[in-house]
Amino acid sequence: MTERVAGQVEQIAFRDEVSGFAVVRLKVRGQPALTTAVGNLSHLAVGELVELTGRQANHPKFGPRLEVATVEVKPPDTMAGLRKYLGSGLIPGVGPVFAERLVKVFGDQILTVLDQEPERLTEVPGLGPVKREKIINAWHSQSDLRRLLKFLASFGLGPALAQKIMRRLGPGAEALIRQNPYRLAYEIEGVGFKRADQVALALGWAADSPDRLEAAVLSALATSSRQGHCYLPTEELAQEAERLLPEAGRANLRSAITRVSLVGRAIALKGPEPGSQDIYQPRLFRAETWVARELLALKAAPTAVTVPRPNLALEWAEKTLKLTLSEGQREAVLAALTNKVVVITGGPGTGKTTITQVICRVWREVNNRFALCAPTGRAAKRLTQATGLAATTIHRLLEYSPQAGGFARGPQNHLELDMLLVDEASMLDILIANQLLGALPKTATLILVGDRDQLPPVGPGRTLGDIIDAGIFPTRRLTTIYRQAERSLIIEAAHLINQGQSPVNLPKGPEADFHFVEENDVAKIKDKLLRLVTERIPQTRQVDPKTDIQILSPVRQGELGSIALNVLLGQALNPRLGPSLQRFGQTFKAGDRVIQIRNNYQRGVFNGDLGLVTSVDLEAQSLEVEFDQVRSVYQALELDELLPAWALTVHKSQGSEFPVVLVPLFMGHYHMLRRQLLYTAVTRGRRLVMLLGSRAALEKAVSDTGEIPRHGNLANFLRNGPPPVDFTLEPGDLDEDLET
């Protein structure tokens, strides 16, 4: 039986932005206890008035709840609702205290006053002209967002998604959505095709509209890029689109694929099998094509600077640095000194850092026009520490310009250097590789240093692996563990895992830097994990649990996923009382460790940067976060850029190292228990790594060599030349980074 429930959102107990599923608690008039509702509710925010329809159910573990079928967001209709609405961060600088004053003076007419009679704000006691002008300007600057909020509310979409939509589509968002509602599906993370389809049908789009089928195709293609693919074969794309729109039929969806390809909304490339095609998003086809073209042009062009007598230069560098290189290391250095494009790959302890030091020492003598960079701030910082030379992130190297709305460095304004060394190159996705290579002079030398056995990049493509697999560039693979690393059980464990051997029999002892703690019960794993983080490791290793210990989970969801562990660890490590902001299903307070999940070029903060919340301003509805090199203030509606970081997924840890790493493992993680993931997790630890969980889960991870396949053609393009194209290529076609 369908029931209708109206109330105010008081809590977001659980939220998954990818699937849209959420558990919310509502305060319903006349009911003393909060009502639990579950369903496609991830767009809701605390304080919103909603009207839900659905079916009452009784969960055996969590009790009674409403399983929601439809949701409608309502404007505030009470004084309390107006206070919460105005104090929610909707107007920068207006928090709960000042919202109370506004409602006290104008009552339920406050929204009308702000819209039509802002001069009446002079009636508010203690409101000076500067603050008044600031509020008026902020309110009017939010007019487009407010109109969008009102428009989206009729479809059950609230401020959380409205902010994302406005940031992506701009002030004309409503008109663009009316023109094509399906843009919500393939351009806005967290909406999904099903919800965009509901909007389209409500706006009068025909169920058999060809545009609807094409939208399913484009949505499936966009989803595939978030999974790391650069393209999907036609049949696989049709299958994925059919999952979104089962009633369409496979044949009709194949026709839709043909139509979007013919009009340039997708690119169809002849596939390896007779009659097959590879279907790309245009930006990813441009990126793969340009990366291949740029690398081949780089390889063929003459070098601006040649290292004279490289063997003598190498011997001089060894003496200067007081090093003695092995034969394998010498070969790697000589390859870097005598070739235009070189790859140096190897696991931990194999001497990549030593080789980098020698290469840089030679280049300092020959030519100082060189640069060092890495995909993340932490990796760049380690590179600086290892070489004593300034290293930067790729984004900063390319000089993002907010005024120009893009990178200052590119094909029309090359970097002024003759050698570029990129560390942690396994993290290069095809889009950032495209940007970087477009900015590199063809006469320069490119040296890529990384570990190809780590997880592929979060973004689409597997650039380093494809460059190695192409087999046309000198590649030196380091395998020997050197003496200074032999004492590290972390390094030994990593290499055992990479060779398919279990690390459980490594030497044990209080000083050992690698441990496997066997435990099969999930509740006991959580209990041991908590005690290790809060008591045993800080006491025995003299580390700060708030900054030095990192939990890495294979998954986001579940009892031992990063989401649940962040709640558990946040309560234990930062239990302080005080002001907090709750937005997008997360609560933030001073002392919280957070991670940036989207590149924000204006802030100079990038996807994967870790920071610490230093203060929360309830009146301004903002908080300040300190990153390694940047302090940044986030307004309440910008907090979807942050997530708690007491626990991270292994994927999110790429490019980072931590003094202590703990990894929970149990068979509930079955689909993610792979060798590559475990190897990456173990190599993130510097002083101590502990695996905590079941032996069966560990053995599954060690034995599973299956790398999740990624569809891409870069290796093929490099071996056989990129395909001819009949449209204008756009070098540097980097779109907004996708959340993961």
# chains A, B, ... in the order shown; residues from 1 in each chain; ligands from 1
call {"tool": "residues_around", "arguments": {"residues": "range 552-558 of chain A", "least_positions_apart": "2", "cutoff": "7 Å", "atoms": "only C-alpha atoms", "output": "JSON list (two decimals) with N, CA, C and O atoms, in the first residue's frame"}}
result
[["chain", "number", "residue", "atom", "x", "y", "z"],
["A", 550, "GLN", "N", 47.21, 5.82, 8.19],
["A", 550, "GLN", "CA", 46.19, 5.85, 7.15],
["A", 550, "GLN", "C", 45.58, 4.47, 6.96],
["A", 550, "GLN", "O", 46.28, 3.49, 6.76],
["A", 560, "LEU", "N", 33.45, -2.66, 6.33],
["A", 560, "LEU", "CA", 34.87, -2.32, 6.37],
["A", 560, "LEU", "C", 35.26, -1.46, 5.17],
["A", 560, "LEU", "O", 36.44, -1.37, 4.82],
["A", 561, "GLY", "N", 34.27, -0.80, 4.56],
["A", 561, "GLY", "CA", 34.54, 0.13, 3.48],
["A", 561, "GLY", "C", 34.97, 1.48, 4.03],
["A", 561, "GLY", "O", 34.81, 1.78, 5.22],
["A", 562, "SER", "N", 35.50, 2.32, 3.18],
["A", 562, "SER", "CA", 36.03, 3.61, 3.64],
["A", 562, "SER", "C", 34.95, 4.50, 4.24],
["A", 562, "SER", "O", 35.22, 5.27, 5.17],
["A", 563, "ILE", "N", 33.71, 4.41, 3.75],
["A", 563, "ILE", "CA", 32.65, 5.28, 4.28],
["A", 563, "ILE", "C", 32.37, 4.94, 5.74],
["A", 563, "ILE", "O", 32.36, 5.83, 6.61],
["A", 564, "ALA", "N", 32.12, 3.67, 6.03],
["A", 564, "ALA", "CA", 31.82, 3.26, 7.41],
["A", 564, "ALA", "C", 33.02, 3.47, 8.33],
["A", 564, "ALA", "O", 32.87, 3.91, 9.48],
["A", 647, "ALA", "N", 39.93, 7.21, 6.54],
["A", 647, "ALA", "CA", 40.06, 6.00, 5.73],
["A", 647, "ALA", "C", 39.88, 6.37, 4.28],
["A", 647, "ALA", "O", 39.01, 7.18, 3.94],
["A", 648, "LEU", "N", 40.70, 5.79, 3.40],
["A", 648, "LEU", "CA", 40.61, 6.02, 1.96],
["A", 648, "LEU", "C", 40.49, 4.69, 1.25],
["A", 648, "LEU", "O", 40.90, 3.66, 1.78],
["A", 649, "THR", "N", 39.95, 4.71, 0.04],
["A", 649, "THR", "CA", 40.08, 3.53, -0.80],
["A", 649, "THR", "C", 41.52, 3.46, -1.29],
["A", 649, "THR", "O", 42.23, 4.47, -1.36],
["A", 650, "VAL", "N", 41.95, 2.27, -1.66],
["A", 650, "VAL", "CA", 43.31, 2.11, -2.17],
["A", 650, "VAL", "C", 43.50, 2.96, -3.43],
["A", 650, "VAL", "O", 44.54, 3.58, -3.63],
["A", 661, "VAL", "N", 50.38, 2.35, 7.42],
["A", 661, "VAL", "CA", 49.22, 1.96, 6.62],
["A", 661, "VAL", "C", 48.60, 0.70, 7.21],
["A", 661, "VAL", "O", 49.31, -0.27, 7.51],
["A", 662, "LEU", "N", 47.28, 0.71, 7.40],
["A", 662, "LEU", "CA", 46.54, -0.47, 7.84],
["A", 662, "LEU", "C", 45.52, -0.82, 6.76],
["A", 662, "LEU", "O", 44.80, 0.07, 6.28],
["A", 663, "VAL", "N", 45.44, -2.09, 6.42],
["A", 663, "VAL", "CA", 44.54, -2.53, 5.34],
["A", 663, "VAL", "C", 43.63, -3.64, 5.87],
["A", 663, "VAL", "O", 44.10, -4.74, 6.18],
["A", 664, "PRO", "N", 42.32, -3.38, 6.01],
["A", 664, "PRO", "CA", 41.40, -4.45, 6.39],
["A", 664, "PRO", "C", 41.08, -5.33, 5.19],
["A", 664, "PRO", "O", 40.83, -4.82, 4.08],
["A", 669, "HIS", "N", 35.00, -8.29, 0.52],
["A", 669, "HIS", "CA", 35.63, -7.45, -0.51],
["A", 669, "HIS", "C", 35.94, -8.26, -1.77],
["A", 669, "HIS", "O", 36.74, -7.81, -2.60],
["A", 672, "MET", "N", 36.97, -7.07, -5.25],
["A", 672, "MET", "CA", 38.09, -6.13, -5.37],
["A", 672, "MET", "C", 39.41, -6.73, -4.91],
["A", 672, "MET", "O", 40.45, -6.06, -4.96],
["A", 681, "ALA", "N", 48.42, -1.08, -2.20],
["A", 681, "ALA", "CA", 48.18, -0.71, -0.81],
["A", 681, "ALA", "C", 49.44, -0.87, 0.03],
["A", 681, "ALA", "O", 49.80, 0.01, 0.82]]
call {"tool": "residues_around", "arguments": {"residues": "range 277-291 of chain A", "least_positions_apart": "5", "cutoff": "9 Å", "atoms": "only C-alpha atoms", "output": "PyMOL selection string"}}
result
chain A and resi 218+221-222+225+230-235+237+257+261+264-272+296+430-435+437-438+460-461+463+711-714+717-718+722-723+729-735
call {"tool": "atom_distance", "arguments": {"atom1": "CA of Arg361 in chain A", "atom2": "CA of Leu323 in chain A"}}
result
12.0 Å
call {"tool": "select_by_dssp", "arguments": {"residues": "range 11-143 of chain A", "states": "strand (DSSP E)", "output": "number ranges by chain"}}
result
A: 11-15, 21-27, 35-40, 49-59, 63-74
call {"tool": "select_by_dssp", "arguments": {"residues": "range 417-618 of chain A", "states": "helix (DSSP H, G or I)", "output": "ChimeraX atom specification"}}
result
/A:425-427,430-438,463-470,483-486,489-498,522-541,562-573
call {"tool": "write_last_selection", "arguments": {"atoms": "C-alpha atoms", "output": "compact mmCIF listing (two decimals), in the first residue's frame"}}
result
# COMPACT_ATOMS: atom_id res chain seq x y z
CA ALA A 425 53.83 8.12 -14.12
CA SER A 426 51.51 5.14 -13.53
CA MET A 427 48.95 7.74 -12.38
CA ILE A 430 44.94 9.92 -20.94
CA LEU A 431 43.50 13.41 -20.38
CA ILE A 432 46.29 14.85 -18.26
CA ALA A 433 48.87 13.10 -20.46
CA ASN A 434 47.30 14.92 -23.41
CA GLN A 435 47.66 18.26 -21.62
CA LEU A 436 51.24 17.60 -20.62
CA LEU A 437 52.47 16.41 -23.99
CA GLY A 438 50.75 19.27 -25.78
CA THR A 463 49.04 5.67 -20.28
CA LEU A 464 52.23 4.26 -18.76
CA GLY A 465 51.24 0.64 -19.36
CA ASP A 466 50.28 1.38 -22.96
CA ILE A 467 53.54 3.21 -23.66
CA ILE A 468 55.48 0.21 -22.32
CA ASP A 469 53.30 -2.30 -24.18
CA ALA A 470 53.76 -0.43 -27.47
CA ARG A 483 71.01 -3.48 0.00
CA GLN A 484 69.55 -0.45 1.77
CA ALA A 485 66.04 -1.79 1.05
CA GLU A 486 66.69 -5.44 1.93
CA LEU A 489 59.84 -6.31 5.20
CA ILE A 490 57.39 -3.89 3.55
CA ILE A 491 59.45 -4.04 0.37
CA GLU A 492 59.91 -7.80 0.63
CA ALA A 493 56.18 -8.26 1.17
CA ALA A 494 55.38 -6.08 -1.84
CA HIS A 495 57.66 -8.09 -4.10
CA LEU A 496 56.32 -11.41 -2.79
CA ILE A 497 52.76 -10.25 -3.49
CA ASN A 498 53.78 -9.12 -6.97
CA VAL A 522 34.19 -8.45 10.92
CA ALA A 523 33.25 -7.00 14.30
CA LYS A 524 36.58 -8.12 15.76
CA ILE A 525 38.46 -6.71 12.75
CA LYS A 526 36.87 -3.32 13.40
CA ASP A 527 37.60 -3.55 17.12
CA LYS A 528 41.26 -4.48 16.56
CA LEU A 529 41.63 -1.82 13.90
CA LEU A 530 40.33 0.83 16.26
CA ARG A 531 42.62 -0.24 19.10
CA LEU A 532 45.64 -0.37 16.79
CA VAL A 533 44.97 3.15 15.52
CA THR A 534 44.12 4.80 18.82
CA GLU A 535 46.39 2.95 21.27
CA ARG A 536 48.93 0.32 20.24
CA ILE A 537 50.59 1.84 17.18
CA PRO A 538 50.87 5.41 18.59
CA GLN A 539 52.37 3.99 21.80
CA THR A 540 54.84 1.57 20.22
CA ARG A 541 55.81 3.55 17.11
CA SER A 562 36.03 3.61 3.64
CA ILE A 563 32.65 5.28 4.28
CA ALA A 564 31.82 3.26 7.41
CA LEU A 565 35.41 3.34 8.67
CA ASN A 566 35.51 7.12 8.35
CA VAL A 567 32.53 7.42 10.68
CA LEU A 568 34.11 5.01 13.18
CA LEU A 569 37.57 6.62 13.09
CA GLY A 570 36.24 10.17 13.07
CA GLN A 571 34.39 9.54 16.32
CA ALA A 572 37.49 8.01 17.90
CA LEU A 573 40.22 10.34 16.61
call {"tool": "residues_around", "arguments": {"residues": "range 43-57 of chain A", "least_positions_apart": "6", "cutoff": "7 Å", "atoms": "only C-alpha atoms", "output": "number ranges by chain"}}
result
A: 1-12, 64-76, 84-85, 157-161, 583-584
call {"tool": "residues_around", "arguments": {"residues": "Phe588 in chain A", "least_positions_apart": "6", "cutoff": "8 Å", "atoms": "only C-alpha atoms", "output": "PDB file with N, CA and C atoms, in the first residue's frame"}}
result
ATOM      1  N   SER A 580      30.088  22.500  13.774  1.00  0.00           N
ATOM      2  CA  SER A 580      30.288  21.589  12.657  1.00  0.00           C
ATOM      3  C   SER A 580      29.335  21.966  11.539  1.00  0.00           C
ATOM      4  N   LEU A 581      29.719  21.621  10.329  1.00  0.00           N
ATOM      5  CA  LEU A 581      28.863  21.819   9.161  1.00  0.00           C
ATOM      6  C   LEU A 581      28.506  20.463   8.591  1.00  0.00           C
ATOM      7  N   GLN A 582      27.228  20.269   8.300  1.00  0.00           N
ATOM      8  CA  GLN A 582      26.781  19.022   7.690  1.00  0.00           C
ATOM      9  C   GLN A 582      26.229  19.340   6.313  1.00  0.00           C
ATOM     10  N   VAL A 613      40.930  20.196   8.428  1.00  0.00           N
ATOM     11  CA  VAL A 613      40.007  21.295   8.719  1.00  0.00           C
ATOM     12  C   VAL A 613      40.548  22.061   9.921  1.00  0.00           C
ATOM     13  N   PRO A 644      35.687  12.922   4.112  1.00  0.00           N
ATOM     14  CA  PRO A 644      36.562  12.544   5.225  1.00  0.00           C
ATOM     15  C   PRO A 644      37.669  11.622   4.738  1.00  0.00           C
TER      16      PRO A 644
END
call {"tool": "atom_distance", "arguments": {"atom1": "CA of Ser694 in chain A", "atom2": "CA of His671 in chain A"}}
result
15.2 Å
call {"tool": "closest_atom_pairs", "arguments": {"of": "range 263-331 of chain A", "to": "range 363-369 of chain A", "cutoff": "12 Å", "atoms": "only C-alpha atoms", "output": "tab-separated table"}}
result
residue	atom	partner	partner_atom	distance
A:Ala304	CA	A:Asn367	CA	10.2
A:Val305	CA	A:Asn367	CA	7.6
A:Thr306	CA	A:Val366	CA	8.3
A:Val307	CA	A:Val366	CA	6.6
A:Pro308	CA	A:Val366	CA	8.3
A:Arg309	CA	A:Val366	CA	11.1
A:Pro310	CA	A:Val366	CA	10.6
A:Ala313	CA	A:Glu365	CA	9.2
A:Leu314	CA	A:Trp363	CA	10.6
A:Trp316	CA	A:Glu365	CA	10.5
A:Ala317	CA	A:Glu365	CA	9.7
A:Thr320	CA	A:Glu365	CA	11.6
call {"tool": "residues_around", "arguments": {"residues": "Lys652 in chain A", "least_positions_apart": "5", "cutoff": "10 Å", "atoms": "only C-alpha atoms", "output": "ChimeraX atom specification"}}
result
/A:457-458,552-553,595,597,607-609,645,647,740
call {"tool": "closest_residue", "arguments": {"among": "A:Asn40, A:Ser224, A:Ser209, A:Ser653", "to": "Gln454 in chain A", "atoms": "only C-alpha atoms"}}
result
A:Ser653
call {"tool": "closest_residue", "arguments": {"among": "A:Leu262, A:Leu149, A:Glu174, A:Gly95", "to": "Ile135 in chain A", "atoms": "only C-alpha atoms"}}
result
A:Gly95
call {"tool": "residues_around", "arguments": {"residues": "range 186-198 of chain A", "least_positions_apart": "3", "cutoff": "7 Å", "atoms": "only C-alpha atoms", "output": "list in words"}}
result
Glu17, Val18, Gly20, Lys164, Ile165, Pro181, Tyr182, Arg183, Leu201, Ala202, Ala216, Leu218, Ser219, Ala222 and Leu244 of chain A
call {"tool": "atom_distance", "arguments": {"atom1": "CA of Thr353 in chain A", "atom2": "CA of Arg452 in chain A"}}
result
15.5 Å
call {"tool": "residues_around", "arguments": {"residues": "Ser656 in chain A", "least_positions_apart": "4", "cutoff": "8 Å", "atoms": "only C-alpha atoms", "output": "PyMOL selection string"}}
result
chain A and resi 376+378-379+684
